[in-house]
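Peer 1: Structure below; questions to follow.
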Number of protein chains: 2
Amino acid sequence: MKLEDLVTPALVVDAGALDHNLRTMSEALPGARLRPHVKAHKCTALAARQASLGHRAFTCATIREVEGMARAGLGEDLLLANEVVDARRLARVEARVTLAVDSEATVDVAARDGIREVVIDVNVGLPRCGCRPDRAGRLADRARSAGLLVRGVMGYEGHAMPIEDREKRREVVAQSMALLVEAHAAVGGEVVSAGGTGSWDMNEWATEIQAGSYALMDTAYAKLGLPFRQALFVLSTVISKNESFAVADCGLKALGMDHGNPTIERGRIWFCSDEHASFAPEAPLSVGERIRVFPAHVDPTVAYHERIHVVEGEDVVDVWPVDLRGW
Amino acid sequence: MKLEDLVTPALVVDAGALDHNLRTMSEALPGARLRPHVKAHKCTALAARQASLGHRAFTCATIREVEGMARAGLGEDLLLANEVVDARRLARVEARVTLAVDSEATVDVAARDGIREVVIDVNVGLPRCGCRPDRAGRLADRARSAGLLVRGVMGYEGHAMPIEDREKRREVVAQSMALLVEAHAAVGGEVVSAGGTGSWDMNEWATEIQAGSYALMDTAYAKLGLPFRQALFVLSTVISKNESFAVADCGLKALGMDHGNPTIERGRIWFCSDEHASFAPEAPLSVGERIRVFPAHVDPTVAYHERIHVVEGEDVVDVWPVDLRGW
């Protein structure tokens, strides 16, 4: 199949760019130094490529991601880096599963539902999940008392990721990791899990980096000047045009919009509707022409699509189901 | 099943509010005066309710929506209110299908691929698809020369919908419809298809209104003071909390974000991440509590979910697949 044969909008990954991204990361953070986050791609076929490069431990954001990874034979060491209040499905997964906990309530859920291993999730500055650093030790005690194995700590410095100035970003990462290191001292265990695509080469404190977006990339991360290439785009078709603008069949249901408008090749986006991108083309276009749209945020973009088309040049060489969607 | 048994995040529709919305609209615009747009709910079970109230003609935005509606036995009169450059799948649908065209290229596609009926899509002010009003007549001539039946015109005054002041909105609707009426005079045919949830009771020019959002509603349309109730919410669970904020398990992959943040009951949203909503609760909450999140934009929210849970009070009385997703 050729790229031109695809029904649009179609999620497409450039095999060469993906390969470059996976190899660049694996060379810098080999094996267990990287715990790839599957939430960014939600695709076990892509995870299998990461595993084939030596990363056998993965990060998940939902129970369904854990279930799907286990079913795909990628369950050697799965961290659900998120809190849940019902872990019964998780306890039934045939894989090594570690669950994040950040409160007495979530520790008790883990123990009650038959989870064996946990990490203490620590708030390192992003106002999201995670306990206060000075409470991590007590939570670990409670978990151990309840019979859980505490593998260590995790803490995501997500508030550092959008900072474009590298030195400033590094400062915020260092401040955040000082909190995580403090918590780790009280908690113990071998794991200090943190980091992401924006801090992959500056987080010296984590024992493992939870990066996910680096594999496919998006226009938000592209602003950071990282060595990863834009591997993902939404292939679309020009369906309408006039003297001042054109319209492509790629809209809100094919794109994560929380980081703003996508970027379009050969033009400037005006706005997106449910199934349309209205844009000003740089040069005249014809109805029927194919055009590439680059999302601002990879994760919620992928979650809209049933499959990823892998291309080499104009050839579709593989089709991967986005099989970790839903909850 | 009870609401409390659902795995969260879960898309939920209040049966009473839905019923109120469907009946309110059907009483004002009975039968063929309304051509409900299925893009807002992407659910043939919900479309069947609309059909049972007398609306036998529907509006679709994608070929897959047309295919799914036909498969569900709802293919009496389907309008694909969008341009396509490959209509072969559409021509194979066993249903009455009418296709929008707005250029010589799309007229030629319709004729080439075996489509029988079209409407001329006219740009009435929203910079999206549609030909210039003064070109509609010539396009209709071309379509008829190619053997197509031209049923009339369509034109969506989408730029009027967000205008909160009712009189100003009405002015923009009137200006837009003046253009559509002008085009219709040149095109002929019985159909003048236009309108939406924001103009349902003020568009006097259209023979049929293409409203869709009225059935489920969202916080953007709620600002207009319409008689439709918020029927849709995403049920979520509080998974983390501390002194200043709480976190619910409802994020960017469960919500259309192009219209901004959702609204949350009993609190104020700070921001959403992939699987989280961080918010300031009005009063202390416990980990494990269920909380309702109301999306800003219904269409791209529904498109993330596999199913709609229909509830009466605390009882889940039905589960409807969101079976028109994808392309």
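Convention: chains lettered A, B, ... in structure tokens order; per-chain residue numbering from 1; ligands numbered from 1 as shown.
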Can you provide chain A as a short mmCIF file (atom, residue, chain, number, x, y, z; two decimals) with C-alpha atoms, in the first residue's frame, superposed onto chain B by least squares across all C-alpha atoms matched in order?

Peer 2:
data_model
loop_
_atom_site.label_atom_id
_atom_site.label_comp_id
_atom_site.auth_asym_id
_atom_site.auth_seq_id
_atom_site.Cartn_x
_atom_site.Cartn_y
_atom_site.Cartn_z
CA MET A 1 -25.48 -1.78 37.18
CA LYS A 2 -25.09 1.34 39.26
CA LEU A 3 -23.29 4.56 38.39
CA GLU A 4 -20.84 3.81 41.20
CA ASP A 5 -19.84 0.52 39.52
CA LEU A 6 -18.53 2.17 36.35
CA VAL A 7 -14.83 2.17 35.53
CA THR A 8 -13.81 5.82 35.31
CA PRO A 9 -13.44 7.99 33.35
CA ALA A 10 -16.83 7.02 31.90
CA LEU A 11 -19.02 8.90 29.46
CA VAL A 12 -22.48 9.22 30.96
CA VAL A 13 -25.77 10.58 29.65
CA ASP A 14 -28.66 11.49 31.88
CA ALA A 15 -31.70 9.86 30.29
CA GLY A 16 -34.12 12.47 31.60
CA ALA A 17 -32.11 15.42 30.30
CA LEU A 18 -31.59 13.71 26.94
CA ASP A 19 -35.29 12.98 26.64
CA HIS A 20 -36.10 16.61 27.51
CA ASN A 21 -33.70 17.87 24.85
CA LEU A 22 -34.94 15.54 22.13
CA ARG A 23 -38.59 16.35 22.84
CA THR A 24 -38.07 20.10 23.12
CA MET A 25 -36.40 20.15 19.71
CA SER A 26 -38.90 17.78 18.08
CA GLU A 27 -41.86 19.82 19.22
CA ALA A 28 -40.37 23.00 17.75
CA LEU A 29 -38.93 21.40 14.60
CA PRO A 30 -40.98 18.28 13.89
CA GLY A 31 -40.13 15.60 11.36
CA ALA A 32 -38.22 16.80 8.32
CA ARG A 33 -37.80 20.33 9.74
CA LEU A 34 -34.87 18.86 11.68
CA ARG A 35 -32.04 16.88 10.09
CA PRO A 36 -30.12 15.88 13.26
CA HIS A 37 -26.35 15.97 12.90
CA VAL A 38 -24.88 12.70 14.15
CA LYS A 39 -21.32 14.04 14.44
CA ALA A 40 -22.09 15.40 17.90
CA HIS A 41 -22.95 11.99 19.39
CA LYS A 42 -21.57 9.43 16.87
CA CYS A 43 -24.03 6.92 18.25
CA THR A 44 -26.66 5.06 16.22
CA ALA A 45 -28.62 4.14 19.35
CA LEU A 46 -29.09 7.82 20.07
CA ALA A 47 -29.91 8.49 16.42
CA ALA A 48 -32.58 5.80 16.65
CA ARG A 49 -34.20 7.79 19.47
CA GLN A 50 -34.21 10.86 17.25
CA ALA A 51 -35.74 8.79 14.46
CA SER A 52 -38.42 7.45 16.79
CA LEU A 53 -39.45 11.07 17.40
CA GLY A 54 -40.06 11.52 13.68
CA HIS A 55 -36.72 12.67 12.26
CA ARG A 56 -35.92 10.27 9.44
CA ALA A 57 -33.29 12.38 7.65
CA PHE A 58 -29.84 12.80 9.20
CA THR A 59 -26.70 14.84 8.68
CA CYS A 60 -23.25 13.20 8.73
CA ALA A 61 -19.72 14.61 8.67
CA THR A 62 -17.74 11.53 7.56
CA ILE A 63 -18.17 8.59 5.23
CA ARG A 64 -17.94 6.25 8.20
CA GLU A 65 -20.87 8.01 9.85
CA VAL A 66 -22.91 7.46 6.67
CA GLU A 67 -21.89 3.78 6.51
CA GLY A 68 -22.76 3.22 10.17
CA MET A 69 -26.11 4.93 9.95
CA ALA A 70 -27.03 2.83 6.91
CA ARG A 71 -25.98 -0.38 8.66
CA ALA A 72 -28.14 0.60 11.63
CA GLY A 73 -31.19 0.89 9.37
CA LEU A 74 -31.25 4.67 9.57
CA GLY A 75 -30.43 5.33 5.93
CA GLU A 76 -33.70 6.77 4.67
CA ASP A 77 -32.10 10.13 3.81
CA LEU A 78 -28.47 10.73 4.75
CA LEU A 79 -26.69 14.00 3.90
CA LEU A 80 -22.91 13.94 4.00
CA ALA A 81 -22.52 17.64 4.74
CA ASN A 82 -18.87 17.63 3.80
CA GLU A 83 -16.65 17.43 0.75
CA VAL A 84 -14.78 14.27 -0.26
CA VAL A 85 -12.35 13.57 -3.06
CA ASP A 86 -13.04 9.85 -3.17
CA ALA A 87 -16.71 8.87 -3.01
CA ARG A 88 -16.42 5.18 -3.95
CA ARG A 89 -17.17 3.90 -0.43
CA LEU A 90 -20.06 6.33 -0.23
CA ALA A 91 -21.55 5.12 -3.51
CA ARG A 92 -21.59 1.56 -2.17
CA VAL A 93 -23.67 2.46 0.90
CA GLU A 94 -27.14 0.92 0.74
CA ALA A 95 -29.08 4.03 1.62
CA ARG A 96 -30.24 7.30 0.12
CA VAL A 97 -27.09 9.38 0.21
CA THR A 98 -26.74 13.03 -0.71
CA LEU A 99 -23.28 14.55 -0.90
CA ALA A 100 -22.17 18.16 -0.46
CA VAL A 101 -20.09 19.62 -3.29
CA ASP A 102 -18.46 23.04 -3.45
CA SER A 103 -16.10 22.94 -6.44
CA GLU A 104 -15.80 21.59 -9.93
CA ALA A 105 -13.42 19.00 -8.54
CA THR A 106 -15.92 17.66 -5.98
CA VAL A 107 -18.78 17.72 -8.49
CA ASP A 108 -16.63 15.64 -10.82
CA VAL A 109 -15.77 13.22 -7.97
CA ALA A 110 -19.45 12.72 -7.23
CA ALA A 111 -20.29 12.02 -10.87
CA ARG A 112 -17.25 9.80 -11.44
CA ASP A 113 -17.81 7.67 -8.34
CA GLY A 114 -21.51 6.99 -8.85
CA ILE A 115 -23.17 9.38 -6.41
CA ARG A 116 -26.70 10.26 -7.51
CA GLU A 117 -27.74 13.26 -5.42
CA VAL A 118 -25.90 16.36 -4.26
CA VAL A 119 -26.43 19.70 -2.57
CA ILE A 120 -24.34 22.75 -3.39
CA ASP A 121 -22.38 23.73 -0.26
CA VAL A 122 -22.22 27.52 0.02
CA ASN A 123 -19.83 29.57 2.12
CA VAL A 124 -22.08 31.84 4.18
CA GLY A 125 -19.33 33.50 6.22
CA LEU A 126 -17.53 30.77 8.16
CA PRO A 127 -14.09 30.32 6.59
CA ARG A 128 -14.45 26.62 5.90
CA CYS A 129 -15.94 24.67 3.01
CA GLY A 130 -18.52 26.04 0.60
CA CYS A 131 -18.37 27.87 -2.70
CA ARG A 132 -18.90 31.59 -3.14
CA PRO A 133 -22.65 32.29 -3.28
CA ASP A 134 -22.35 33.78 -6.77
CA ARG A 135 -20.79 30.57 -8.06
CA ALA A 136 -23.42 28.18 -6.72
CA GLY A 137 -25.64 28.37 -9.82
CA ARG A 138 -22.82 27.48 -12.17
CA LEU A 139 -21.80 24.53 -10.00
CA ALA A 140 -25.39 23.28 -10.00
CA ASP A 141 -25.41 23.49 -13.80
CA ARG A 142 -22.22 21.49 -13.97
CA ALA A 143 -23.63 18.89 -11.59
CA ARG A 144 -26.85 18.53 -13.59
CA SER A 145 -24.87 18.28 -16.81
CA ALA A 146 -22.93 15.43 -15.24
CA GLY A 147 -26.19 13.61 -14.49
CA LEU A 148 -26.45 14.44 -10.80
CA LEU A 149 -29.71 15.38 -9.11
CA VAL A 150 -29.21 18.70 -7.31
CA ARG A 151 -31.48 18.72 -4.26
CA GLY A 152 -30.69 22.30 -3.25
CA VAL A 153 -28.14 24.10 -1.09
CA MET A 154 -26.54 23.92 2.32
CA GLY A 155 -24.53 26.49 4.24
CA TYR A 156 -23.46 26.45 7.86
CA GLU A 157 -23.47 29.74 9.76
CA GLY A 158 -21.03 28.33 12.33
CA HIS A 159 -19.45 31.71 13.01
CA ALA A 160 -22.78 32.83 14.52
CA MET A 161 -22.98 29.99 17.06
CA PRO A 162 -20.61 31.34 19.74
CA ILE A 163 -22.21 34.81 19.84
CA GLU A 164 -23.79 35.00 23.28
CA ASP A 165 -25.98 38.05 22.63
CA ARG A 166 -29.11 36.66 21.05
CA GLU A 167 -29.92 39.69 18.92
CA LYS A 168 -26.39 39.91 17.55
CA ARG A 169 -26.43 36.20 16.85
CA ARG A 170 -29.69 36.59 15.00
CA GLU A 171 -28.20 39.38 12.86
CA VAL A 172 -25.28 37.21 11.79
CA VAL A 173 -27.64 34.30 11.07
CA ALA A 174 -29.80 36.62 8.92
CA GLN A 175 -26.77 37.94 6.99
CA SER A 176 -25.53 34.41 6.39
CA MET A 177 -28.90 33.13 5.29
CA ALA A 178 -29.33 36.04 2.87
CA LEU A 179 -26.29 34.63 1.08
CA LEU A 180 -27.72 31.13 1.14
CA VAL A 181 -31.09 32.29 -0.15
CA GLU A 182 -29.33 34.14 -2.99
CA ALA A 183 -27.45 30.97 -3.88
CA HIS A 184 -30.60 28.89 -3.62
CA ALA A 185 -32.35 31.12 -6.13
CA ALA A 186 -29.62 30.28 -8.64
CA VAL A 187 -29.43 26.58 -7.76
CA GLY A 188 -33.05 25.54 -7.31
CA GLY A 189 -34.18 22.36 -5.62
CA GLU A 190 -36.24 21.83 -2.48
CA VAL A 191 -33.55 21.73 0.17
CA VAL A 192 -32.09 24.69 2.05
CA SER A 193 -30.12 22.94 4.77
CA ALA A 194 -28.42 25.03 7.46
CA GLY A 195 -28.41 25.92 11.13
CA GLY A 196 -27.26 24.37 14.33
CA THR A 197 -27.95 24.27 18.03
CA GLY A 198 -27.13 27.98 18.38
CA SER A 199 -29.59 29.07 15.67
CA TRP A 200 -32.25 26.37 15.88
CA ASP A 201 -35.06 28.79 16.78
CA MET A 202 -33.96 31.81 14.74
CA ASN A 203 -33.02 30.38 11.35
CA GLU A 204 -36.26 31.03 9.43
CA TRP A 205 -34.67 30.59 6.04
CA ALA A 206 -33.56 26.98 6.13
CA THR A 207 -36.03 24.26 5.19
CA GLU A 208 -34.20 21.94 7.58
CA ILE A 209 -31.92 22.55 10.60
CA GLN A 210 -28.73 20.49 11.03
CA ALA A 211 -28.52 20.71 14.83
CA GLY A 212 -26.61 18.02 16.73
CA SER A 213 -25.21 19.32 20.03
CA TYR A 214 -28.69 20.04 21.46
CA ALA A 215 -29.12 16.36 22.36
CA LEU A 216 -26.19 16.16 24.80
CA MET A 217 -25.04 19.80 25.19
CA ASP A 218 -21.77 21.21 26.51
CA THR A 219 -20.61 24.17 28.57
CA ALA A 220 -19.93 26.31 25.46
CA TYR A 221 -23.52 26.03 24.23
CA ALA A 222 -24.79 26.39 27.81
CA LYS A 223 -23.63 30.05 27.69
CA LEU A 224 -26.31 30.81 25.08
CA GLY A 225 -29.20 30.27 27.48
CA LEU A 226 -30.84 27.62 25.31
CA PRO A 227 -33.71 25.45 26.61
CA PHE A 228 -31.54 22.32 26.38
CA ARG A 229 -30.11 20.70 29.50
CA GLN A 230 -26.59 19.45 30.10
CA ALA A 231 -27.22 15.73 29.51
CA LEU A 232 -23.62 14.58 29.17
CA PHE A 233 -20.84 14.33 31.70
CA VAL A 234 -17.67 12.36 32.27
CA LEU A 235 -17.88 10.47 35.53
CA SER A 236 -14.53 10.49 37.26
CA THR A 237 -12.96 9.49 40.55
CA VAL A 238 -10.89 11.54 42.97
CA ILE A 239 -7.57 9.67 43.06
CA SER A 240 -5.41 12.15 44.99
CA LYS A 241 -5.84 15.18 47.23
CA ASN A 242 -3.97 17.40 49.60
CA GLU A 243 -4.50 20.66 51.48
CA SER A 244 -4.92 22.87 48.41
CA PHE A 245 -6.14 20.78 45.49
CA ALA A 246 -7.50 17.43 44.38
CA VAL A 247 -7.01 15.29 41.28
CA ALA A 248 -9.69 13.42 39.32
CA ASP A 249 -8.98 10.66 36.78
CA CYS A 250 -10.42 12.54 33.80
CA GLY A 251 -7.93 14.11 31.43
CA LEU A 252 -7.09 15.14 27.91
CA LYS A 253 -7.90 11.71 26.49
CA ALA A 254 -11.45 11.84 27.84
CA LEU A 255 -12.29 15.44 26.91
CA GLY A 256 -12.36 17.63 23.82
CA MET A 257 -10.13 20.55 24.83
CA ASP A 258 -10.37 22.96 21.88
CA HIS A 259 -13.01 25.07 23.66
CA GLY A 260 -10.90 25.14 26.83
CA ASN A 261 -11.09 23.45 30.18
CA PRO A 262 -14.09 21.47 31.34
CA THR A 263 -16.18 22.43 34.35
CA ILE A 264 -16.17 20.23 37.43
CA GLU A 265 -18.88 19.93 40.04
CA ARG A 266 -17.94 21.00 43.54
CA GLY A 267 -14.70 22.63 42.41
CA ARG A 268 -12.76 24.79 39.98
CA ILE A 269 -10.51 23.22 37.35
CA TRP A 270 -6.82 24.20 37.37
CA PHE A 271 -5.61 22.20 34.41
CA CYS A 272 -5.89 18.83 32.71
CA SER A 273 -3.12 16.35 31.90
CA ASP A 274 -3.43 13.19 29.85
CA GLU A 275 -5.30 11.24 32.54
CA HIS A 276 -5.83 13.88 35.23
CA ALA A 277 -7.88 16.93 36.11
CA SER A 278 -6.27 18.99 38.87
CA PHE A 279 -8.85 21.17 40.63
CA ALA A 280 -9.56 23.24 43.71
CA PRO A 281 -12.50 21.65 45.54
CA GLU A 282 -15.13 23.88 47.14
CA ALA A 283 -15.19 21.67 50.23
CA PRO A 284 -12.99 18.79 51.38
CA LEU A 285 -13.27 15.65 49.26
CA SER A 286 -12.10 12.11 49.92
CA VAL A 287 -10.00 9.90 47.68
CA GLY A 288 -12.44 7.53 46.01
CA GLU A 289 -15.32 10.01 45.71
CA ARG A 290 -17.02 10.20 42.32
CA ILE A 291 -17.24 13.60 40.65
CA ARG A 292 -18.84 14.83 37.42
CA VAL A 293 -16.88 16.68 34.75
CA PHE A 294 -18.74 18.69 32.09
CA PRO A 295 -16.88 19.09 28.80
CA ALA A 296 -16.56 22.43 27.03
CA HIS A 297 -17.14 20.81 23.63
CA VAL A 298 -19.31 17.74 23.23
CA ASP A 299 -18.25 16.44 19.78
CA PRO A 300 -14.53 15.78 20.33
CA THR A 301 -15.30 14.53 23.83
CA VAL A 302 -17.65 11.78 22.67
CA ALA A 303 -15.16 10.76 19.96
CA TYR A 304 -12.69 9.62 22.66
CA HIS A 305 -15.10 7.12 24.24
CA GLU A 306 -16.13 3.60 23.29
CA ARG A 307 -19.54 3.78 24.87
CA ILE A 308 -22.16 6.01 26.41
CA HIS A 309 -23.68 4.92 29.72
CA VAL A 310 -27.30 5.98 29.98
CA VAL A 311 -28.41 6.64 33.54
CA GLU A 312 -31.62 7.29 35.40
CA GLY A 313 -30.65 8.58 38.81
CA GLU A 314 -28.02 6.17 40.07
CA ASP A 315 -28.99 3.31 37.72
CA VAL A 316 -27.21 2.56 34.46
CA VAL A 317 -30.20 1.61 32.31
CA ASP A 318 -28.44 1.22 28.97
CA VAL A 319 -24.99 1.16 27.36
CA TRP A 320 -24.73 2.54 23.83
CA PRO A 321 -21.67 1.96 21.66
CA VAL A 322 -20.17 5.11 20.16
CA ASP A 323 -20.19 3.24 16.89
CA LEU A 324 -19.61 6.02 14.36
CA ARG A 325 -16.03 6.89 15.35
CA GLY A 326 -13.09 6.95 12.96
CA TRP A 327 -13.12 7.61 9.24
#

Peer 1: Enumerate, as a compact mmCIF listing (two decimals) with N, CA and C atoms, in the first residue's frame, the complete set of residues in stretch 63-304 of chain A that a backbone-based DSSP assignment places in alpha helix (DSSP H).

Peer 2:
# COMPACT_ATOMS: atom_id res chain seq x y z
N ILE A 63 -4.97 1.36 33.81
CA ILE A 63 -5.02 -0.09 34.01
C ILE A 63 -5.11 -0.79 32.65
N ARG A 64 -5.85 -0.20 31.72
CA ARG A 64 -5.94 -0.86 30.41
C ARG A 64 -4.58 -0.94 29.72
N GLU A 65 -3.77 0.08 29.88
CA GLU A 65 -2.42 0.03 29.30
C GLU A 65 -1.63 -1.14 29.91
N VAL A 66 -1.75 -1.32 31.22
CA VAL A 66 -1.06 -2.44 31.87
C VAL A 66 -1.58 -3.77 31.33
N GLU A 67 -2.90 -3.91 31.24
CA GLU A 67 -3.49 -5.16 30.75
C GLU A 67 -3.01 -5.46 29.33
N GLY A 68 -3.02 -4.44 28.48
CA GLY A 68 -2.64 -4.63 27.09
C GLY A 68 -1.17 -4.98 26.92
N MET A 69 -0.34 -4.35 27.71
CA MET A 69 1.10 -4.66 27.64
C MET A 69 1.36 -6.09 28.09
N ALA A 70 0.66 -6.53 29.14
CA ALA A 70 0.83 -7.90 29.62
C ALA A 70 0.37 -8.90 28.54
N ARG A 71 -0.78 -8.62 27.94
CA ARG A 71 -1.30 -9.51 26.89
C ARG A 71 -0.35 -9.60 25.71
N ARG A 88 -8.46 -4.17 41.59
CA ARG A 88 -8.75 -5.59 41.40
C ARG A 88 -8.37 -6.08 40.00
N ARG A 89 -8.70 -5.28 38.96
CA ARG A 89 -8.30 -5.68 37.61
C ARG A 89 -6.78 -5.76 37.51
N LEU A 90 -6.12 -4.82 38.15
CA LEU A 90 -4.66 -4.75 38.08
C LEU A 90 -4.03 -5.98 38.74
N ALA A 91 -4.61 -6.43 39.83
CA ALA A 91 -4.07 -7.58 40.55
C ALA A 91 -4.22 -8.87 39.75
N ARG A 92 -5.17 -8.87 38.83
CA ARG A 92 -5.38 -10.08 38.01
C ARG A 92 -4.45 -10.15 36.79
N GLU A 104 -2.74 7.36 52.26
CA GLU A 104 -3.12 6.17 53.03
C GLU A 104 -4.20 5.40 52.28
N ALA A 105 -5.12 6.15 51.68
CA ALA A 105 -6.22 5.49 50.97
C ALA A 105 -5.69 4.60 49.84
N THR A 106 -4.76 5.09 49.06
CA THR A 106 -4.29 4.29 47.91
C THR A 106 -3.35 3.17 48.37
N VAL A 107 -2.63 3.36 49.44
CA VAL A 107 -1.86 2.25 50.03
C VAL A 107 -2.82 1.14 50.44
N ASP A 108 -3.89 1.53 51.11
CA ASP A 108 -4.86 0.53 51.59
C ASP A 108 -5.53 -0.20 50.43
N VAL A 109 -5.82 0.54 49.34
CA VAL A 109 -6.39 -0.09 48.14
C VAL A 109 -5.44 -1.16 47.60
N ALA A 110 -4.17 -0.80 47.51
CA ALA A 110 -3.19 -1.74 46.97
C ALA A 110 -3.14 -3.01 47.81
N ALA A 111 -3.08 -2.84 49.12
CA ALA A 111 -3.01 -4.00 50.01
C ALA A 111 -4.29 -4.83 49.95
N ARG A 112 -5.42 -4.15 49.97
CA ARG A 112 -6.72 -4.82 49.97
C ARG A 112 -6.94 -5.64 48.70
N ASP A 113 -6.49 -5.08 47.56
CA ASP A 113 -6.82 -5.70 46.28
C ASP A 113 -5.78 -6.70 45.78
N ALA A 136 6.50 10.97 52.62
CA ALA A 136 6.77 9.76 51.85
C ALA A 136 7.22 8.61 52.74
N GLY A 137 8.08 8.92 53.73
CA GLY A 137 8.61 7.87 54.61
C GLY A 137 7.50 7.18 55.39
N ARG A 138 6.59 8.00 55.91
CA ARG A 138 5.49 7.41 56.69
C ARG A 138 4.59 6.52 55.83
N LEU A 139 4.36 6.98 54.59
CA LEU A 139 3.54 6.16 53.68
C LEU A 139 4.21 4.83 53.37
N ALA A 140 5.54 4.89 53.20
CA ALA A 140 6.29 3.66 52.93
C ALA A 140 6.17 2.70 54.11
N ASP A 141 6.25 3.27 55.32
CA ASP A 141 6.09 2.42 56.52
C ASP A 141 4.72 1.74 56.52
N ARG A 142 3.71 2.55 56.22
CA ARG A 142 2.35 1.99 56.21
C ARG A 142 2.23 0.88 55.16
N ALA A 143 2.84 1.12 53.99
CA ALA A 143 2.77 0.12 52.93
C ALA A 143 3.47 -1.17 53.37
N ARG A 144 4.65 -1.03 53.96
CA ARG A 144 5.39 -2.23 54.39
C ARG A 144 4.63 -2.97 55.49
N SER A 145 4.03 -2.19 56.38
CA SER A 145 3.23 -2.82 57.44
C SER A 145 2.07 -3.61 56.86
N ARG A 166 17.12 25.98 28.23
CA ARG A 166 17.66 24.73 28.77
C ARG A 166 18.21 24.87 30.19
N GLU A 167 18.88 25.97 30.46
CA GLU A 167 19.46 26.15 31.79
C GLU A 167 18.37 26.33 32.85
N LYS A 168 17.34 27.09 32.48
CA LYS A 168 16.23 27.27 33.43
C LYS A 168 15.50 25.95 33.66
N ARG A 169 15.35 25.19 32.58
CA ARG A 169 14.70 23.90 32.71
C ARG A 169 15.49 23.01 33.66
N ARG A 170 16.81 23.04 33.47
CA ARG A 170 17.67 22.21 34.31
C ARG A 170 17.56 22.61 35.78
N GLU A 171 17.44 23.90 36.04
CA GLU A 171 17.28 24.37 37.43
C GLU A 171 16.02 23.79 38.07
N VAL A 172 14.92 23.84 37.32
CA VAL A 172 13.65 23.34 37.86
C VAL A 172 13.71 21.83 38.06
N VAL A 173 14.37 21.14 37.12
CA VAL A 173 14.55 19.69 37.27
C VAL A 173 15.36 19.42 38.55
N ALA A 174 16.43 20.18 38.76
CA ALA A 174 17.28 19.96 39.93
C ALA A 174 16.51 20.20 41.23
N GLN A 175 15.72 21.31 41.26
CA GLN A 175 14.91 21.59 42.46
C GLN A 175 13.92 20.46 42.73
N SER A 176 13.28 19.98 41.66
CA SER A 176 12.29 18.92 41.82
C SER A 176 12.95 17.64 42.32
N MET A 177 14.09 17.33 41.74
CA MET A 177 14.74 16.07 42.10
C MET A 177 15.35 16.13 43.49
N ALA A 178 15.67 17.33 43.97
CA ALA A 178 16.13 17.45 45.37
C ALA A 178 15.02 16.97 46.30
N LEU A 179 13.78 17.31 45.96
CA LEU A 179 12.64 16.85 46.76
C LEU A 179 12.48 15.34 46.68
N LEU A 180 12.70 14.80 45.47
CA LEU A 180 12.52 13.36 45.30
C LEU A 180 13.63 12.58 46.01
N VAL A 181 14.83 13.12 45.97
CA VAL A 181 15.95 12.48 46.65
C VAL A 181 15.72 12.48 48.16
N GLU A 182 15.21 13.60 48.67
CA GLU A 182 14.87 13.70 50.10
C GLU A 182 13.84 12.63 50.48
N ALA A 183 12.83 12.50 49.64
CA ALA A 183 11.80 11.49 49.91
C ALA A 183 12.37 10.09 49.82
N HIS A 184 13.25 9.89 48.84
CA HIS A 184 13.83 8.57 48.65
C HIS A 184 14.65 8.14 49.87
N ALA A 185 15.33 9.11 50.46
CA ALA A 185 16.13 8.79 51.65
C ALA A 185 15.24 8.23 52.76
N ALA A 186 14.02 8.74 52.85
CA ALA A 186 13.11 8.28 53.89
C ALA A 186 12.40 6.99 53.51
N VAL A 187 12.28 6.74 52.21
CA VAL A 187 11.49 5.59 51.73
C VAL A 187 12.36 4.35 51.54
N THR A 219 4.90 19.18 18.14
CA THR A 219 5.45 20.52 17.91
C THR A 219 5.77 21.23 19.23
N ALA A 220 5.13 20.83 20.34
CA ALA A 220 5.45 21.44 21.63
C ALA A 220 6.86 21.03 22.06
N TYR A 221 7.16 19.74 21.99
CA TYR A 221 8.51 19.29 22.37
C TYR A 221 9.56 19.74 21.35
N ALA A 222 9.13 19.96 20.11
CA ALA A 222 10.09 20.39 19.08
C ALA A 222 10.73 21.73 19.46
N VAL A 298 1.27 15.05 21.18
CA VAL A 298 1.21 13.71 20.60
C VAL A 298 0.21 12.79 21.32
N ASP A 299 0.22 12.79 22.65
CA ASP A 299 -0.56 11.79 23.41
C ASP A 299 -2.05 11.81 23.09
N PRO A 300 -2.73 12.96 23.26
CA PRO A 300 -4.17 12.95 22.96
C PRO A 300 -4.48 12.88 21.47
N THR A 301 -3.49 13.08 20.64
CA THR A 301 -3.69 12.88 19.19
C THR A 301 -3.78 11.39 18.89
N VAL A 302 -2.79 10.64 19.34
CA VAL A 302 -2.77 9.20 19.07
C VAL A 302 -4.04 8.53 19.60

Peer 1: Give me every strand (DSSP E or B) residue in stretch 60-284 of chain B, going by DSSP on the backbone, as an MDAnalysis selection string.

Peer 2: chainID B and resid 60 77:80 97:101 117:122 131 149:155 191:194 208:209 232:241 246:248 256 263:264 267:273 276:281
